[in-house]
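Structure data (mmCIF, C-alpha atoms and all ligand atoms) from protein-v8.cif:
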```cif
data_start
#
loop_
_atom_site.group_PDB
_atom_site.id
_atom_site.type_symbol
_atom_site.label_atom_id
_atom_site.label_comp_id
_atom_site.auth_asym_id
_atom_site.auth_seq_id
_atom_site.Cartn_x
_atom_site.Cartn_y
_atom_site.Cartn_z
ATOM 1 C CA MET A 7 10.623 106.266 59.209
ATOM 2 C CA PRO A 8 10.625 109.536 61.161
ATOM 3 C CA ILE A 9 7.413 111.056 62.407
ATOM 4 C CA HIS A 10 7.396 114.767 61.643
ATOM 5 C CA GLU A 11 5.714 116.678 64.388
ATOM 6 C CA GLN A 12 5.052 120.328 64.886
ATOM 7 C CA SER A 13 6.290 121.625 68.186
ATOM 8 C CA LEU A 14 3.554 122.941 70.430
ATOM 9 C CA ILE A 15 5.940 125.734 71.373
ATOM 10 C CA ARG A 16 5.771 128.603 68.932
ATOM 11 C CA PRO A 17 8.990 130.646 68.534
ATOM 12 C CA GLU A 18 7.202 133.800 69.746
ATOM 13 C CA ASN A 19 6.398 132.038 73.038
ATOM 14 C CA LEU A 20 10.079 131.489 73.818
ATOM 15 C CA LYS A 21 11.568 134.365 75.834
ATOM 16 C CA THR A 22 15.254 134.949 76.439
ATOM 17 C CA HIS A 23 16.891 137.688 78.541
ATOM 18 C CA GLU A 24 20.052 139.003 76.930
ATOM 19 C CA GLN A 25 21.281 140.215 80.347
ATOM 20 C CA LEU A 26 20.012 138.501 83.518
ATOM 21 C CA VAL A 27 21.630 137.773 86.859
ATOM 22 C CA VAL A 28 19.680 135.690 89.402
ATOM 23 C CA ASP A 29 21.077 135.351 92.943
ATOM 24 C CA GLY A 30 24.469 136.406 91.671
ATOM 25 C CA VAL A 31 24.474 133.838 88.885
ATOM 26 C CA ASP A 32 24.704 135.150 85.334
ATOM 27 C CA VAL A 33 21.973 133.420 83.306
ATOM 28 C CA SER A 34 22.125 135.749 80.322
ATOM 29 C CA GLY A 35 21.285 134.499 76.860
ATOM 30 C CA HIS A 36 19.995 130.972 76.279
ATOM 31 C CA TRP A 37 20.483 130.045 79.963
ATOM 32 C CA SER A 38 17.451 132.193 80.739
ATOM 33 C CA THR A 39 15.201 130.851 77.978
ATOM 34 C CA PHE A 40 11.714 130.054 79.209
ATOM 35 C CA ILE A 41 8.327 129.327 77.733
ATOM 36 C CA GLU A 42 5.734 132.027 78.210
ATOM 37 C CA SER A 43 2.749 130.647 80.074
ATOM 38 C CA ARG A 44 -0.323 130.180 77.946
ATOM 39 C CA VAL A 45 -3.918 129.905 79.077
ATOM 40 C CA VAL A 46 -6.566 128.875 76.578
ATOM 41 C CA THR A 47 -9.974 130.271 77.546
ATOM 42 C CA ASP A 48 -11.791 130.465 74.230
ATOM 43 C CA TYR A 49 -12.598 126.824 73.541
ATOM 44 C CA ASN A 50 -15.161 126.195 70.835
ATOM 45 C CA GLU A 51 -16.886 123.183 72.335
ATOM 46 C CA ALA A 52 -18.942 122.629 69.180
ATOM 47 C CA MET A 53 -15.965 122.589 66.854
ATOM 48 C CA GLN A 54 -15.791 118.838 66.268
ATOM 49 C CA GLU A 55 -19.537 118.735 65.538
ATOM 50 C CA GLU A 56 -19.170 121.667 63.143
ATOM 51 C CA ILE A 57 -16.430 119.895 61.165
ATOM 52 C CA THR A 58 -18.396 116.623 61.283
ATOM 53 C CA ALA A 59 -21.347 118.398 59.652
ATOM 54 C CA LEU A 60 -19.294 119.252 56.567
ATOM 55 C CA PRO A 61 -18.534 116.788 53.735
ATOM 56 C CA GLY A 62 -15.330 114.892 54.507
ATOM 57 C CA GLY A 63 -15.295 115.607 58.238
ATOM 58 C CA GLU A 64 -17.709 112.815 59.241
ATOM 59 C CA TYR A 65 -15.128 110.453 60.789
ATOM 60 C CA ILE A 66 -12.877 112.878 62.643
ATOM 61 C CA HIS A 67 -14.030 111.404 65.984
ATOM 62 C CA ARG A 68 -12.207 108.140 65.182
ATOM 63 C CA CYS A 69 -8.715 109.688 65.267
ATOM 64 C CA TRP A 70 -6.340 108.253 67.861
ATOM 65 C CA GLN A 71 -3.465 110.621 67.035
ATOM 66 C CA CYS A 72 -1.018 108.039 65.686
ATOM 67 C CA GLY A 73 0.495 110.593 63.274
ATOM 68 C CA SER A 74 0.535 108.305 60.219
ATOM 69 C CA CYS A 75 -1.311 110.953 58.183
ATOM 70 C CA THR A 76 1.298 113.629 58.840
ATOM 71 C CA ASN A 77 4.101 111.148 58.345
ATOM 72 C CA SER A 78 2.863 110.200 54.884
ATOM 73 C CA CYS A 79 1.695 113.668 53.833
ATOM 74 C CA THR A 80 2.975 115.042 50.520
ATOM 75 C CA VAL A 81 2.753 118.677 51.616
ATOM 76 C CA ASN A 82 4.288 118.030 55.045
ATOM 77 C CA ALA A 83 7.375 116.695 53.244
ATOM 78 C CA ILE A 84 8.055 120.211 51.952
ATOM 79 C CA ASN A 85 6.459 122.271 54.742
ATOM 80 C CA ALA A 86 6.668 120.858 58.271
ATOM 81 C CA ASP A 87 3.996 123.331 59.434
ATOM 82 C CA PHE A 88 1.418 121.438 57.352
ATOM 83 C CA ASN A 89 0.325 118.931 59.958
ATOM 84 C CA PRO A 90 -3.050 117.140 59.594
ATOM 85 C CA ARG A 91 -2.642 115.164 62.824
ATOM 86 C CA TYR A 92 -2.082 118.353 64.817
ATOM 87 C CA TRP A 93 -5.067 120.140 63.271
ATOM 88 C CA ILE A 94 -7.318 117.175 63.959
ATOM 89 C CA TYR A 95 -6.131 117.317 67.579
ATOM 90 C CA LEU A 96 -6.926 121.053 67.804
ATOM 91 C CA ILE A 97 -10.395 120.544 66.291
ATOM 92 C CA ARG A 98 -11.234 117.719 68.660
ATOM 93 C CA MET A 99 -10.036 119.809 71.606
ATOM 94 C CA GLY A 100 -12.002 122.846 70.381
ATOM 95 C CA MET A 101 -8.863 124.990 70.249
ATOM 96 C CA GLU A 102 -10.135 127.304 67.552
ATOM 97 C CA SER A 103 -7.686 130.178 68.053
ATOM 98 C CA GLU A 104 -4.745 127.784 67.771
ATOM 99 C CA LEU A 105 -6.135 126.361 64.536
ATOM 100 C CA LEU A 106 -6.629 129.860 63.138
ATOM 101 C CA ARG A 107 -2.899 130.471 63.363
ATOM 102 C CA ASP A 108 -2.489 128.009 60.483
ATOM 103 C CA LYS A 109 -5.554 129.129 58.532
ATOM 104 C CA ASP A 110 -3.544 130.280 55.528
ATOM 105 C CA ILE A 111 -1.956 126.893 54.803
ATOM 106 C CA ILE A 112 -4.732 124.387 55.549
ATOM 107 C CA TRP A 113 -6.270 124.813 52.078
ATOM 108 C CA GLN A 114 -2.967 123.728 50.490
ATOM 109 C CA CYS A 115 -3.843 120.017 50.804
ATOM 110 C CA VAL A 116 -3.367 118.580 47.309
ATOM 111 C CA SER A 117 -5.886 115.742 47.825
ATOM 112 C CA CYS A 118 -3.322 113.063 47.038
ATOM 113 C CA ASN A 119 -4.996 110.851 49.696
ATOM 114 C CA ARG A 120 -1.737 109.332 50.908
ATOM 115 C CA CYS A 121 -2.954 110.119 54.436
ATOM 116 C CA THR A 122 -6.246 108.359 53.740
ATOM 117 C CA TYR A 123 -4.459 105.129 52.796
ATOM 118 C CA ALA A 124 -2.072 105.404 55.770
ATOM 119 C CA CYS A 125 -4.758 106.047 58.387
ATOM 120 C CA PRO A 126 -5.442 102.944 60.517
ATOM 121 C CA ARG A 127 -8.756 104.314 61.753
ATOM 122 C CA ASP A 128 -10.465 105.280 58.476
ATOM 123 C CA VAL A 129 -10.656 108.916 59.524
ATOM 124 C CA VAL A 130 -10.192 110.031 55.892
ATOM 125 C CA PRO A 131 -7.848 112.888 56.838
ATOM 126 C CA GLU A 132 -7.973 114.275 53.281
ATOM 127 C CA GLY A 133 -11.708 114.795 53.773
ATOM 128 C CA VAL A 134 -11.089 116.418 57.139
ATOM 129 C CA MET A 135 -8.648 118.860 55.497
ATOM 130 C CA LYS A 136 -11.293 119.733 52.887
ATOM 131 C CA ALA A 137 -13.960 120.128 55.575
ATOM 132 C CA THR A 138 -11.644 122.317 57.658
ATOM 133 C CA ALA A 139 -10.781 124.568 54.703
ATOM 134 C CA HIS A 140 -14.509 124.826 53.963
ATOM 135 C CA TRP A 141 -15.257 125.606 57.618
ATOM 136 C CA LEU A 142 -12.658 128.424 57.580
ATOM 137 C CA GLU A 143 -14.343 129.941 54.526
ATOM 138 C CA LEU A 144 -17.900 129.603 55.822
ATOM 139 C CA LYS A 145 -16.908 131.209 59.123
ATOM 140 C CA GLY A 146 -15.273 134.095 57.258
ATOM 141 C CA HIS A 147 -11.737 133.367 58.490
ATOM 142 C CA THR A 148 -10.334 132.938 54.968
ATOM 143 C CA PRO A 149 -11.439 133.979 51.487
ATOM 144 C CA LYS A 150 -12.637 131.273 49.132
ATOM 145 C CA SER A 151 -9.580 129.203 48.190
ATOM 146 C CA PRO A 152 -8.556 128.374 44.604
ATOM 147 C CA SER A 153 -9.357 124.708 45.236
ATOM 148 C CA MET A 154 -12.870 125.622 46.411
ATOM 149 C CA HIS A 155 -13.348 127.746 43.272
ATOM 150 C CA PHE A 156 -12.269 124.743 41.195
ATOM 151 C CA ASP A 157 -14.611 122.358 43.035
ATOM 152 C CA GLU A 158 -17.549 124.734 42.601
ATOM 153 C CA GLU A 159 -16.848 125.171 38.896
ATOM 154 C CA PHE A 160 -16.507 121.418 38.394
ATOM 155 C CA SER A 161 -19.612 120.426 40.341
ATOM 156 C CA GLY A 162 -21.552 123.359 38.850
ATOM 157 C CA GLN A 163 -20.989 121.960 35.361
ATOM 158 C CA VAL A 164 -21.892 118.412 36.417
ATOM 159 C CA ILE A 165 -25.110 119.582 38.046
ATOM 160 C CA GLU A 166 -26.083 121.858 35.180
ATOM 161 C CA ARG A 167 -25.417 119.544 32.254
ATOM 162 C CA GLY A 168 -24.624 116.049 33.576
ATOM 163 C CA LYS A 169 -21.264 116.241 31.801
ATOM 164 C CA ILE A 170 -18.042 118.160 32.067
ATOM 165 C CA GLU A 171 -15.861 119.733 29.427
ATOM 166 C CA GLU A 172 -12.273 120.344 30.553
ATOM 167 C CA GLY A 173 -11.724 123.489 28.493
ATOM 168 C CA ARG A 174 -14.799 125.143 29.967
ATOM 169 C CA ILE A 175 -13.781 124.163 33.484
ATOM 170 C CA MET A 176 -10.381 125.790 33.019
ATOM 171 C CA GLN A 177 -11.969 128.933 31.582
ATOM 172 C CA GLY A 178 -14.454 129.150 34.445
ATOM 173 C CA PHE A 179 -11.718 128.561 37.023
ATOM 174 C CA PHE A 180 -9.486 131.272 35.544
ATOM 175 C CA ARG A 181 -12.412 133.694 35.424
ATOM 176 C CA ARG A 182 -13.350 133.047 39.078
ATOM 177 C CA THR A 183 -9.756 133.430 40.298
ATOM 178 C CA GLY A 184 -8.970 136.498 38.166
ATOM 179 C CA GLN A 185 -6.348 134.777 36.051
ATOM 180 C CA PRO A 186 -5.752 135.542 32.365
ATOM 181 C CA LEU A 187 -7.188 132.987 29.955
ATOM 182 C CA MET A 188 -4.043 132.995 27.835
ATOM 183 C CA GLN A 189 -1.252 131.514 29.952
ATOM 184 C CA ASP A 190 2.141 130.428 28.610
ATOM 185 C CA TRP A 191 1.826 126.813 29.770
ATOM 186 C CA LEU A 192 -1.676 126.555 28.323
ATOM 187 C CA VAL A 193 -0.618 127.958 24.951
ATOM 188 C CA GLU A 194 2.271 125.471 24.883
ATOM 189 C CA MET A 195 -0.054 122.596 25.765
ATOM 190 C CA VAL A 196 -2.502 123.526 22.993
ATOM 191 C CA LYS A 197 0.386 123.787 20.482
ATOM 192 C CA ARG A 198 1.548 120.292 21.383
ATOM 193 C CA MET A 199 -1.979 118.913 21.177
ATOM 194 C CA LEU A 200 -2.330 120.428 17.705
ATOM 195 C CA ARG A 201 0.930 118.811 16.694
ATOM 196 C CA HIS A 202 0.291 115.343 18.109
ATOM 197 C CA LEU A 203 -3.437 114.567 18.397
ATOM 198 C CA PRO A 204 -5.530 113.173 15.506
ATOM 199 C CA VAL A 205 -7.573 115.782 13.613
ATOM 200 C CA GLY A 206 -10.870 114.045 14.409
ATOM 201 C CA MET A 207 -10.216 114.160 18.126
ATOM 202 C CA LEU A 208 -9.189 117.837 17.973
ATOM 203 C CA ALA A 209 -12.381 118.674 16.083
ATOM 204 C CA ARG A 210 -14.527 116.894 18.689
ATOM 205 C CA MET A 211 -12.722 118.688 21.537
ATOM 206 C CA GLY A 212 -13.099 122.090 19.833
ATOM 207 C CA LEU A 213 -16.789 121.471 19.209
ATOM 208 C CA ALA A 214 -17.370 120.416 22.826
ATOM 209 C CA THR A 215 -15.730 123.628 24.090
ATOM 210 C CA VAL A 216 -18.064 125.732 21.965
ATOM 211 C CA LEU A 217 -21.298 123.760 22.363
ATOM 212 C CA ALA A 218 -20.980 122.468 25.952
ATOM 213 C CA PRO A 219 -22.021 118.782 25.997
ATOM 214 C CA ARG A 220 -25.190 117.859 27.876
ATOM 215 C CA THR A 221 -26.609 114.512 28.977
ATOM 216 C CA SER A 222 -29.958 113.979 27.288
ATOM 217 C CA GLY A 223 -32.990 114.105 29.587
ATOM 218 C CA TRP A 224 -30.858 115.582 32.379
ATOM 219 C CA SER A 225 -33.221 118.326 33.565
ATOM 220 C CA ARG A 226 -35.097 116.193 36.152
ATOM 221 C CA ALA A 227 -31.866 114.880 37.605
ATOM 222 C CA ARG A 228 -30.477 118.440 37.678
ATOM 223 C CA ASP A 229 -33.488 119.760 39.612
ATOM 224 C CA ALA A 230 -33.320 116.888 42.114
ATOM 225 C CA ILE A 231 -29.566 117.371 42.675
ATOM 226 C CA ARG A 232 -30.003 121.138 43.087
ATOM 227 C CA GLU A 233 -32.735 120.608 45.656
ATOM 228 C CA TYR A 234 -30.535 118.152 47.574
ATOM 229 C CA VAL A 235 -27.506 120.483 47.446
ATOM 230 C CA ASP A 236 -29.592 123.417 48.706
ATOM 231 C CA GLU A 237 -30.906 121.269 51.580
ATOM 232 C CA GLN A 238 -27.370 120.242 52.496
ATOM 233 C CA HIS A 239 -26.168 123.859 52.468
ATOM 234 C CA VAL A 240 -28.962 124.877 54.843
ATOM 235 C CA LYS A 241 -28.084 121.943 57.157
ATOM 236 C CA GLN A 242 -24.405 122.862 57.133
ATOM 237 C CA ARG A 243 -25.031 126.532 57.853
ATOM 238 C CA ARG A 244 -27.380 125.533 60.671
ATOM 239 C CA ALA A 245 -24.716 123.252 62.192
ATOM 240 C CA LEU A 246 -22.227 126.116 62.106
ATOM 241 C CA GLY A 247 -24.759 128.523 63.652
ATOM 242 C CA LEU A 248 -24.759 130.631 60.489
ATOM 243 C CA GLU A 249 -28.459 130.370 59.591
ATOM 244 C CA ASP A 250 -29.458 132.627 62.504
ATOM 245 C CA VAL A 251 -26.868 135.215 61.460
ATOM 246 C CA ILE A 252 -28.124 135.165 57.857
ATOM 247 C CA GLU A 253 -31.769 135.415 58.997
ATOM 248 C CA ALA A 254 -30.968 138.356 61.302
ATOM 249 C CA ALA A 255 -29.140 140.124 58.445
ATOM 250 C CA ARG A 256 -32.130 139.498 56.135
ATOM 251 C CA GLN A 257 -34.539 140.993 58.640
ATOM 252 C CA ASP A 258 -32.205 143.960 59.229
ATOM 253 C CA ALA A 259 -32.323 144.548 55.506
ATOM 254 C CA GLY A 260 -36.150 144.568 55.644
ATOM 255 C CA ALA A 261 -36.734 141.127 54.085
ATOM 256 C CA PRO A 262 -39.664 139.080 55.462
ATOM 257 C CA ALA A 263 -38.794 136.307 57.950
ATOM 258 C CA ARG A 264 -38.381 132.829 56.451
ATOM 259 C CA SER A 265 -40.725 130.123 57.659
HETATM 260 S S1 LIG A 301 -4.459 114.406 50.950
HETATM 261 FE FE1 LIG A 301 -3.722 116.361 51.796
HETATM 262 S S2 LIG A 301 -3.367 115.964 53.970
HETATM 263 FE FE2 LIG A 301 -3.494 113.979 52.918
HETATM 264 S S3 LIG A 301 -1.408 113.394 52.407
HETATM 265 FE FE3 LIG A 301 -2.232 114.454 50.616
HETATM 266 S S4 LIG A 301 -1.679 116.625 50.920
HETATM 267 FE FE4 LIG A 301 -1.399 115.602 52.906
HETATM 268 S S1 LIG A 302 -3.511 108.583 60.583
HETATM 269 FE FE1 LIG A 302 -5.677 108.609 61.147
HETATM 270 S S2 LIG A 302 -5.753 107.958 63.309
HETATM 271 FE FE2 LIG A 302 -3.615 108.508 62.826
HETATM 272 S S3 LIG A 302 -3.439 110.701 63.436
HETATM 273 FE FE3 LIG A 302 -3.965 110.678 61.271
HETATM 274 S S4 LIG A 302 -6.202 110.790 61.199
HETATM 275 FE FE4 LIG A 302 -5.633 110.200 63.286
#
```

Turn this file's structure into structure tokens for me.
Amino acid sequence: MPIHEQSLIRPENLKTHEQLVVDGVDVSGHWSTFIESRVVTDYNEAMQEEITALPGGEYIHRCWQCGSCTNSCTVNAINADFNPRYWIYLIRMGMESELLRDKDIIWQCVSCNRCTYACPRDVVPEGVMKATAHWLELKGHTPKSPSMHFDEEFSGQVIERGKIEEGRIMQGFFRRTGQPLMQDWLVEMVKRMLRHLPVGMLARMGLATVLAPRTSGWSRARDAIREYVDEQHVKQRRALGLEDVIEAARQDAGAPARS
């Protein structure tokens, strides 16, 4: 089975002289191709710790760069630039600017977890991809991705009511991502459901969409989960050095300092 690797040499770093004669020898064209020298000076030495502090990134330190994750990756099979092994390498080396070159495709992980099952070191590369996409958003390098909007909508409903209702999740997701609620594929799906599902089931589904199901006696659990989630968010922002930035912005805006 081939191992798909991304070349460390970017096309823009390859230079070729169309016309070049050296010591009387014509080395025009590909004979004069060379790699532009590259010096990395902006290492982020805390990068691995920052990713480790986010959910899913906890085991990144275990990676031994075997490449099994990239080799088994669903997205890599259609886009060779999607390379979990390479990104894990960049994070562990602290090569933030190199990672940022791929910032617009990292969120595209489809969470199939093929990499997770292939990894011999239990790194959970799928989690690392999630943590990295989250890190990019928290640091302001990318806008909130559709998958993050979906996760927030899903977990928001679980926390609020202790239950989810698929129709409401879809509505919330479309609203957050600016998509129309009436989409051709959705209309077709509803038509087929109306044609094929039992009336009783359809009635229950319709009722759940309108009423929003709730687990009885959920309010104490909801408050405890909210408190925990808020604590985790503070910890994560602190690990990424964002709490100080937020506090400084608050004080600039005239808000009292937090204890
Ligand atoms: S979970 Fe993401 S990174 Fe892992 S194989 Fe699937 S698409 Fe690739
Ligand atoms: S499969 Fe696991 S150990 Fe191998 S490169 Fe991927 S994350 Fe690292």

Report as JSON lines the residues of chain A within 6 Å of ligand LIG 301 (chain A), each with its shortest atom pair and distance in Å (one decimal), using only C-alpha atoms and all ligand atoms, ordered by chain and increasing residue number.
```
{"residue": "A:Ser78", "atom": "CA", "partner": "A:LIG301", "partner_atom": "S3", "distance": 5.9}
{"residue": "A:Cys79", "atom": "CA", "partner": "A:LIG301", "partner_atom": "S3", "distance": 3.4}
{"residue": "A:Thr80", "atom": "CA", "partner": "A:LIG301", "partner_atom": "S4", "distance": 4.9}
{"residue": "A:Val81", "atom": "CA", "partner": "A:LIG301", "partner_atom": "S4", "distance": 4.9}
{"residue": "A:Pro90", "atom": "CA", "partner": "A:LIG301", "partner_atom": "S2", "distance": 5.8}
{"residue": "A:Cys115", "atom": "CA", "partner": "A:LIG301", "partner_atom": "FE1", "distance": 3.8}
{"residue": "A:Val116", "atom": "CA", "partner": "A:LIG301", "partner_atom": "S4", "distance": 4.4}
{"residue": "A:Ser117", "atom": "CA", "partner": "A:LIG301", "partner_atom": "S1", "distance": 3.7}
{"residue": "A:Cys118", "atom": "CA", "partner": "A:LIG301", "partner_atom": "FE3", "distance": 4.0}
{"residue": "A:Asn119", "atom": "CA", "partner": "A:LIG301", "partner_atom": "S1", "distance": 3.8}
{"residue": "A:Arg120", "atom": "CA", "partner": "A:LIG301", "partner_atom": "S3", "distance": 4.3}
{"residue": "A:Cys121", "atom": "CA", "partner": "A:LIG301", "partner_atom": "S3", "distance": 4.2}
{"residue": "A:Pro131", "atom": "CA", "partner": "A:LIG301", "partner_atom": "FE2", "distance": 6.0}
{"residue": "A:Glu132", "atom": "CA", "partner": "A:LIG301", "partner_atom": "S1", "distance": 4.2}
```

query: Using only C-alpha atoms and all ligand atoms, what are the residues with an atom within 8 Å of ligand LIG 302 (chain A), set out as an MDAnalysis selection string?
result: chainID A and resid 66 68:76 90:92 94 121:122 124:131

Shell around Met99 of chain A at 8 Å using all atoms listed in the file, local window under 4 positions removed, as a list in words: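 That gives Tyr49, Glu51, Gln54 and Tyr95 of chain A.
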
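Each of A:Gln242, A:Ser222, A:Ser43, A:Ser153 was checked against Arg182 of chain A using all atoms listed in the file; the smallest atom-to-atom distance is that of A:Ser153.
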
Using all atoms listed in the file: which of A:Glu166, A:Glu233, A:Glu172, A:Asp110 has the shortest distance to Glu143 of chain A: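 Checking each of A:Glu166, A:Glu233, A:Glu172, A:Asp110 against Glu143 of chain A, counting all atoms listed in the file, the winner is A:Asp110.
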
task: Please write the residues picked by the PyMOL selection byres (((chain A and resi 108) around 12) and not hetatm) on this file as a list in words.
output: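 Evaluating the PyMOL selection byres (((chain A and resi 108) around 12) and not hetatm) on this file yields Gln12, Arg16, Ala86, Asp87, Phe88, Asn89, Pro90, Tyr92, Trp93, Leu96, Glu102, Ser103, Glu104, Leu105, Leu106, Arg107, Lys109, Asp110, Ile111, Ile112, Trp113, Gln114, Thr138, Ala139, Leu142, His147 and Thr148 of chain A.
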
- request: Check what the PyMOL selection byres (((chain A and resi 211) around 12) and not hetatm) selects in the file above and give those residues as a PyMOL selection string.
  value: chain A and resi 170-174+196+199-200+203-210+212-219

message: Just checking: using only C-alpha atoms, which residue out of A:Trp37, A:His140, A:Asn85, A:Leu192 ends up closest to His23 of chain A?
response: A:Trp37

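Atom pair atom CA of Arg232 of chain A / atom CA of His155 of chain A has a distance of 17.9 Å (rounded to one decimal).
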
Draw an axis-aligned box over all listed atoms of segment 155-165 of chain A, pad each side with 6 Å, and write its centre and edge lengths in Å, one decimal, as lines of an AutoDock Vina configuration file.
```
center_x = -18.7
center_y = 123.1
center_z = 39.3
size_x = 24.8
size_y = 21.3
size_z = 19.9
```

Å distance separating atom CA of Thr221 of chain A from atom CA of Gly168 of chain A, one decimal place: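 Taking atom CA of Thr221 of chain A and atom CA of Gly168 of chain A, their separation equals 5.2 Å.
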
- request: Could you check how far atom CA of Asp48 of chain A sits from atom CA of Arg98 of chain A, in Å to one decimal?
  value: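 Going from atom CA of Asp48 of chain A over to atom CA of Arg98 of chain A covers 13.9 Å.
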
message: Nearest residue to Leu60 of chain A out of A:Met176, A:Val33, A:Ile41, A:Val240, using all atoms listed in the file?
response: A:Val240

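Minimum atom-to-atom distances from A:Tyr65, A:Trp191, A:Phe179, A:Phe160 to Val134 of chain A were compared using all atoms listed in the file, and the lowest value belongs to A:Tyr65.
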